[in-house]
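In what follows, a structure is listed as structure tokens, so that the remarks can point back to it.
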Amino acid sequence: MLADLLFLLFSSVLLIAALGVITAKNPMHCVLFMILSFFNAAGLFILLGAEFLGLLLVMVYVGAIAVMFLFIVMTIDIDFAVLKGKNTNIVPMGILVSAVLLLELIAGAWGGMFHTPQQQTKPVMQEENAQILGEVLFTDYVVPFQGAAIILLIAMVGAIVLTHRRRSGVKRQDITKQIQRKKSDCMIVTEPPAKSGVAAAYFVGKGVEK
Amino acid sequence: MLDLVLSYLDLITEENIWYVITTLFFVLLITLPLFGAVAYLTLAERKVIGWMQLRHGPLYTGWWGIGQPIADAIKLMFKEPTIPEKSNLIVYILAPVMVLVPAVVAWAVIPFDANWVLADINLGVVYLMAVSSLGVYGILMAGWASNSKYPFLGAVRSGAQMVSYEVSMGLCLLSVILLAGSMNLSEIVLAQQGMWNAVTLFPMFIVFLISILAETNRAPFDLPEAEAELVAGYNVEYGSMPFAMFFLGEYANMILMSAFASIMFLGGWLPPLDIWPLNLIPGIFWFFGKIAAVLFFFLWARATLPRFRYDQLMRLGWKVLLPFTLLWLVGQAFIMKLMQVGWV
């Protein structure tokens, strides 16, 4: 009873937030709406008895991935005037893609893809959610699990390799170099004769370029 | 439609009403002392740092400066709240709320003593991690919505910092979970009956302490509000109560993280040794004492250490703490498996 009420709350806020993602003018608001929808999806998970999955959704998606989204949208310079101007070039493509997706969803629903047996929708693993999930992941699905992990690792390494390059003209902090620097490397104490200016004081840094 | 609404009226039974009232009572029982503790933590901070710098700290508001937090609160309440003209109004107003709420909501799963817990859920640790990772949104939203340079820089710094240190913090927690064999906070405390996790997992305890300093944006990692470079960081444009809410959130988070550290590593409500004079003291006092000790560490670090440079902070998080915690976790799992099999 109360679960129904909560389901109504979570799912309606989820739908409104999802609508907000695509209708909000400001990209920052879109991301915030997306976070709200993640949050409500987590609520639905918990309602279905998958507490671990729900909390993980909050921790990983809301706590880390969406922060990165927010971060990127915050830091790139978006010209709102251009975004608000109607760009009609991409409309046919958009209609095509969404039509295909809609047809696929309808076909899937028709074919009974989303039909779950009644007993399966009941919270089957209420007590030790995480334990059962772990047992399944590391026994029955160990190969796909490890495969997914390797793909993620490759993606991670790839992202770093693609973006990390040594540009010239950028001063970098090299901690070992800084620590190894000695007083004699960068400092000389001289007694220049009076009235001859800096001509007599010359710099003989070893590790430091002039 | 009407039937549906009317059917919900059946929910209003004596039992349910009583349940709601008792839960609200417990919520108030936790939050009101929490806000009191937050207020007096600010006084403690000023006193402790004062003594460490051979000063007195606040002295003139009431006896021994005891009225200072109340005076501060009243001052902040009666200040004029300002909203910058070019700010993004809704996000600007929501941001302080987003800082404060997670810091308070998280207290639901904290066990204060044996069976003294509002929500005794099996996934207490995951819940705490999930809720504490939400605090970063308030700061990011504040920085962005202010539409001003310094808050923005502060928010960007803070976002990167909190996300980075969450990783090593999570790995520390995983090592504790591995040792205790449970994610229920009460069971983790009870698993430390023989010896505290701070002893068995000493290096992880240190990493955890460093990470909670960075998570709560406290010195020496208080880059989001480096006053010398950023004026004060993400909260520059705020005044009055919204400004106070940022600080309520920050200090509530400090207390929360101290409680978290006490539960995970310092044996929660358990006395250090289960011997005669020590186990006479009720568990809740041990718990509060441990929270106070970790809080003192926060203040001590602030009074002692200079602020990290931003690249040093990132280097420490990603290149020192993360590899170390990863290696430790793998090694610990390996040794525990060997012990299980009986080879060690």
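Chain lettering (A, B, ...) mirrors the order of the structure tokens, residue numbering begins at 1 for each chain separately, and ligand numbering begins at 1 in order of display.
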
Would you kindly return, as an MDAnalysis selection string, each protein, DNA or RNA residue with an atom no farther than 12 Å from any atom of B:Val330, considering only C-alpha atoms and excluding same-chain residues fewer than 3 positions away?
chainID B and resid 171:172 174:175 178 323:327 333:337

Take the residues that were just selected and, keeping C-alpha atoms, output them as an mmCIF file, in the first residue's frame.
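Wrote result_18.cif, looks like this:
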data_model
loop_
_atom_site.group_PDB
_atom_site.id
_atom_site.type_symbol
_atom_site.label_atom_id
_atom_site.label_comp_id
_atom_site.auth_asym_id
_atom_site.auth_seq_id
_atom_site.Cartn_x
_atom_site.Cartn_y
_atom_site.Cartn_z
ATOM 1 C CA LEU B 171 38.841 1.182 -0.742
ATOM 2 C CA CYS B 172 39.641 1.714 2.959
ATOM 3 C CA LEU B 174 36.215 -2.208 1.589
ATOM 4 C CA SER B 175 39.141 -3.516 3.606
ATOM 5 C CA LEU B 178 36.372 -7.650 4.152
ATOM 6 C CA PRO B 323 47.779 2.519 -5.542
ATOM 7 C CA PHE B 324 48.580 1.896 -1.904
ATOM 8 C CA THR B 325 45.006 1.126 -0.902
ATOM 9 C CA LEU B 326 44.499 -1.055 -3.983
ATOM 10 C CA LEU B 327 47.603 -3.099 -3.226
ATOM 11 C CA ALA B 333 42.114 -10.503 0.553
ATOM 12 C CA PHE B 334 44.910 -12.885 -0.413
ATOM 13 C CA ILE B 335 46.097 -13.350 3.175
ATOM 14 C CA MET B 336 42.553 -13.783 4.451
ATOM 15 C CA LYS B 337 41.920 -16.471 1.862
#

Show me, as a tab-separated table, the residues of chain B having an atom within 8 Å of chain A, each with the closest atom pair and its distance in Å, using only C-alpha atoms.
residue	atom	partner	partner_atom	distance
B:Tyr8	CA	A:Met1	CA	7.5
B:Leu11	CA	A:Leu2	CA	7.5
B:Asn122	CA	A:Glu128	CA	7.7
B:Leu123	CA	A:Phe52	CA	7.0
B:Val126	CA	A:Leu55	CA	6.5
B:Tyr127	CA	A:Leu55	CA	6.2
B:Met129	CA	A:Met59	CA	6.7
B:Ala130	CA	A:Met59	CA	4.2
B:Val131	CA	A:Met59	CA	7.6
B:Ser133	CA	A:Gly63	CA	4.9
B:Leu134	CA	A:Gly63	CA	5.8
B:Val136	CA	A:Val67	CA	8.0
B:Tyr137	CA	A:Val67	CA	7.4
B:Trp144	CA	A:Met74	CA	6.9
B:Val156	CA	A:Phe71	CA	7.0
B:Gly159	CA	A:Val67	CA	7.3
B:Val163	CA	A:Ala64	CA	6.4

Deliver the residues from the most recent selection as a file, using N, CA, C and O atoms, as a compact mmCIF listing (two decimals), in the first residue's frame.
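What ended up in selection33.txt:
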# COMPACT_ATOMS: atom_id res chain seq x y z
N TYR B 8 -6.19 5.16 0.09
CA TYR B 8 -5.00 5.53 0.85
C TYR B 8 -5.33 6.02 2.24
O TYR B 8 -4.47 6.06 3.10
N LEU B 11 -4.50 3.91 5.16
CA LEU B 11 -3.16 3.91 5.74
C LEU B 11 -3.13 4.60 7.09
O LEU B 11 -2.25 4.36 7.90
N ASN B 122 21.15 -3.43 6.43
CA ASN B 122 22.30 -4.29 6.19
C ASN B 122 23.39 -3.61 5.39
O ASN B 122 24.53 -4.03 5.42
N LEU B 123 23.01 -2.57 4.65
CA LEU B 123 23.98 -1.93 3.77
C LEU B 123 24.39 -0.57 4.30
O LEU B 123 24.54 0.39 3.55
N VAL B 126 27.37 1.17 2.60
CA VAL B 126 27.09 1.64 1.24
C VAL B 126 26.19 2.87 1.28
O VAL B 126 26.38 3.82 0.54
N TYR B 127 25.21 2.83 2.21
CA TYR B 127 24.32 3.98 2.35
C TYR B 127 25.12 5.22 2.72
O TYR B 127 24.94 6.29 2.13
N MET B 129 28.28 5.83 2.22
CA MET B 129 29.11 6.25 1.08
C MET B 129 28.25 6.98 0.06
O MET B 129 28.65 8.02 -0.48
N ALA B 130 27.06 6.41 -0.23
CA ALA B 130 26.20 7.01 -1.24
C ALA B 130 25.75 8.40 -0.82
O ALA B 130 25.81 9.35 -1.61
N VAL B 131 25.35 8.53 0.44
CA VAL B 131 24.84 9.82 0.89
C VAL B 131 25.95 10.85 0.99
O VAL B 131 25.79 12.00 0.59
N SER B 133 28.50 11.03 -0.77
CA SER B 133 28.99 11.46 -2.09
C SER B 133 28.06 12.51 -2.70
O SER B 133 28.39 13.10 -3.72
N LEU B 134 26.91 12.77 -2.06
CA LEU B 134 26.01 13.76 -2.60
C LEU B 134 26.40 15.19 -2.23
O LEU B 134 25.99 16.14 -2.88
N VAL B 136 28.91 16.88 -2.66
CA VAL B 136 29.67 17.63 -3.66
C VAL B 136 28.73 18.45 -4.55
O VAL B 136 29.10 19.51 -5.04
N TYR B 137 27.47 17.99 -4.71
CA TYR B 137 26.56 18.72 -5.59
C TYR B 137 26.26 20.11 -5.07
O TYR B 137 26.18 21.05 -5.86
N TRP B 144 28.53 27.24 -9.49
CA TRP B 144 28.06 27.55 -10.84
C TRP B 144 26.97 28.62 -10.81
O TRP B 144 26.99 29.55 -11.61
N VAL B 156 34.95 24.03 -8.86
CA VAL B 156 35.62 23.07 -9.75
C VAL B 156 36.68 22.31 -8.97
O VAL B 156 36.78 21.07 -9.05
N GLY B 159 34.96 19.83 -6.58
CA GLY B 159 34.39 18.66 -7.24
C GLY B 159 35.46 17.63 -7.53
O GLY B 159 35.32 16.45 -7.17
N VAL B 163 35.71 13.90 -5.48
CA VAL B 163 35.58 12.66 -6.24
C VAL B 163 36.86 11.83 -6.14
O VAL B 163 36.81 10.61 -6.00

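For the pair atom CA of B:Met254 and atom CA of B:Pro96, the separation is 16.2 Å.
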
Between atom CA of A:Ser168 and atom CA of B:Phe308, what distance in Å does the model show, to one decimal?
26.2 Å

Taking into account only C-alpha atoms, which residue in the set A:Ala42, A:Val31, A:Ile90, A:Val21 is nearest to A:Phe7?
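Residue with the minimum atom-to-atom distance to A:Phe7: A:Ala42.
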
Restricting the calculation to only C-alpha atoms, which member of B:Gly124, B:Gly268, B:Gly342, B:Gly239 is positioned closest to B:Leu173?
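Using only C-alpha atoms, the shortest distance to B:Leu173 belongs to B:Gly124.
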
Give me the residues near B:Tyr251 as a list in words, where near means some atom within 8 Å (using only C-alpha atoms) and where sequence neighbours in that chain fewer than 3 positions away do not count.
Val38, Leu41, Thr42, Phe247, Leu248, Met254 and Ile255 of chain B

Would you mind exporting all heavy atoms of the selected residues as an mmCIF file, in the first residue's frame?
data_model
loop_
_atom_site.group_PDB
_atom_site.id
_atom_site.type_symbol
_atom_site.label_atom_id
_atom_site.label_comp_id
_atom_site.auth_asym_id
_atom_site.auth_seq_id
_atom_site.Cartn_x
_atom_site.Cartn_y
_atom_site.Cartn_z
ATOM 1 N N VAL B 38 27.244 20.954 16.284
ATOM 2 C CA VAL B 38 27.854 21.743 15.212
ATOM 3 C C VAL B 38 28.199 23.132 15.731
ATOM 4 O O VAL B 38 29.307 23.632 15.536
ATOM 5 C CB VAL B 38 26.903 21.833 14.001
ATOM 6 C CG1 VAL B 38 27.341 22.916 13.053
ATOM 7 C CG2 VAL B 38 26.827 20.513 13.280
ATOM 8 N N LEU B 41 31.035 22.914 18.057
ATOM 9 C CA LEU B 41 32.275 22.532 17.379
ATOM 10 C C LEU B 41 32.992 23.768 16.858
ATOM 11 O O LEU B 41 34.226 23.839 16.902
ATOM 12 C CB LEU B 41 31.977 21.559 16.234
ATOM 13 C CG LEU B 41 33.175 21.078 15.432
ATOM 14 C CD1 LEU B 41 34.171 20.379 16.333
ATOM 15 C CD2 LEU B 41 32.738 20.142 14.329
ATOM 16 N N THR B 42 32.213 24.778 16.410
ATOM 17 C CA THR B 42 32.880 25.992 15.933
ATOM 18 C C THR B 42 33.611 26.675 17.075
ATOM 19 O O THR B 42 34.727 27.163 16.897
ATOM 20 C CB THR B 42 31.866 26.975 15.319
ATOM 21 O OG1 THR B 42 30.920 27.323 16.315
ATOM 22 C CG2 THR B 42 31.156 26.385 14.130
ATOM 23 N N PHE B 247 28.086 26.226 6.276
ATOM 24 C CA PHE B 247 28.967 25.870 7.390
ATOM 25 C C PHE B 247 28.352 24.822 8.292
ATOM 26 O O PHE B 247 29.060 23.951 8.795
ATOM 27 C CB PHE B 247 29.394 27.134 8.138
ATOM 28 C CG PHE B 247 30.551 27.741 7.439
ATOM 29 C CD1 PHE B 247 30.368 28.601 6.384
ATOM 30 C CD2 PHE B 247 31.840 27.358 7.765
ATOM 31 C CE1 PHE B 247 31.438 29.098 5.675
ATOM 32 C CE2 PHE B 247 32.907 27.841 7.066
ATOM 33 C CZ PHE B 247 32.714 28.715 6.023
ATOM 34 N N LEU B 248 27.015 24.910 8.457
ATOM 35 C CA LEU B 248 26.336 23.842 9.206
ATOM 36 C C LEU B 248 26.626 22.511 8.522
ATOM 37 O O LEU B 248 26.966 21.511 9.166
ATOM 38 C CB LEU B 248 24.832 24.079 9.223
ATOM 39 C CG LEU B 248 24.264 25.032 10.245
ATOM 40 C CD1 LEU B 248 22.785 25.218 10.012
ATOM 41 C CD2 LEU B 248 24.503 24.486 11.627
ATOM 42 N N MET B 254 31.792 16.989 9.162
ATOM 43 C CA MET B 254 32.972 16.649 9.966
ATOM 44 C C MET B 254 32.598 15.681 11.079
ATOM 45 O O MET B 254 33.284 14.682 11.306
ATOM 46 C CB MET B 254 33.558 17.908 10.605
ATOM 47 C CG MET B 254 34.582 18.615 9.779
ATOM 48 S SD MET B 254 34.885 20.231 10.473
ATOM 49 C CE MET B 254 35.850 19.824 11.918
ATOM 50 N N ILE B 255 31.489 15.998 11.774
ATOM 51 C CA ILE B 255 31.076 15.132 12.881
ATOM 52 C C ILE B 255 30.676 13.767 12.341
ATOM 53 O O ILE B 255 31.017 12.726 12.915
ATOM 54 C CB ILE B 255 29.918 15.771 13.679
ATOM 55 C CG1 ILE B 255 30.346 17.147 14.179
ATOM 56 C CG2 ILE B 255 29.531 14.909 14.850
ATOM 57 C CD1 ILE B 255 29.260 17.878 14.912
#

Tell me, which residues of stretch 69-259 of chain B carry DSSP helix (DSSP H, G or I), written as a VMD selection string?
chain B and resid 69 to 77 89 to 109 124 to 132 135 to 145 149 to 180 185 to 190 197 to 200 202 to 215 223 to 225 227 to 230 233 to 235 240 to 259

Separation of atom CA of B:Ala95 from atom CA of B:Lys75 in Å
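Those two atoms sit 21.4 Å apart.
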
Taking only C-alpha atoms into account, which of A:Val157, A:Phe33, A:Lys195, A:Ala3 comes nearest A:Ile46?
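Between A:Val157, A:Phe33, A:Lys195, A:Ala3, the residue approaching A:Ile46 most closely is A:Ala3.
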
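Proximity ranking of A:Ala159, A:Val142, A:Met34, A:Leu103 relative to A:Ile16 places A:Met34 first, based on only C-alpha atoms.
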
From A:Leu133, A:Gly169, A:Ala24, A:Val91, residue lying nearest A:Phe145 [only C-alpha atoms]:
A:Leu133

Distance query B:Tyr60 at most 12 Å, only C-alpha atoms, self and fewer than 5 positions along chain excluded, as an NGL selection string:
:B and (65-69 or 71)
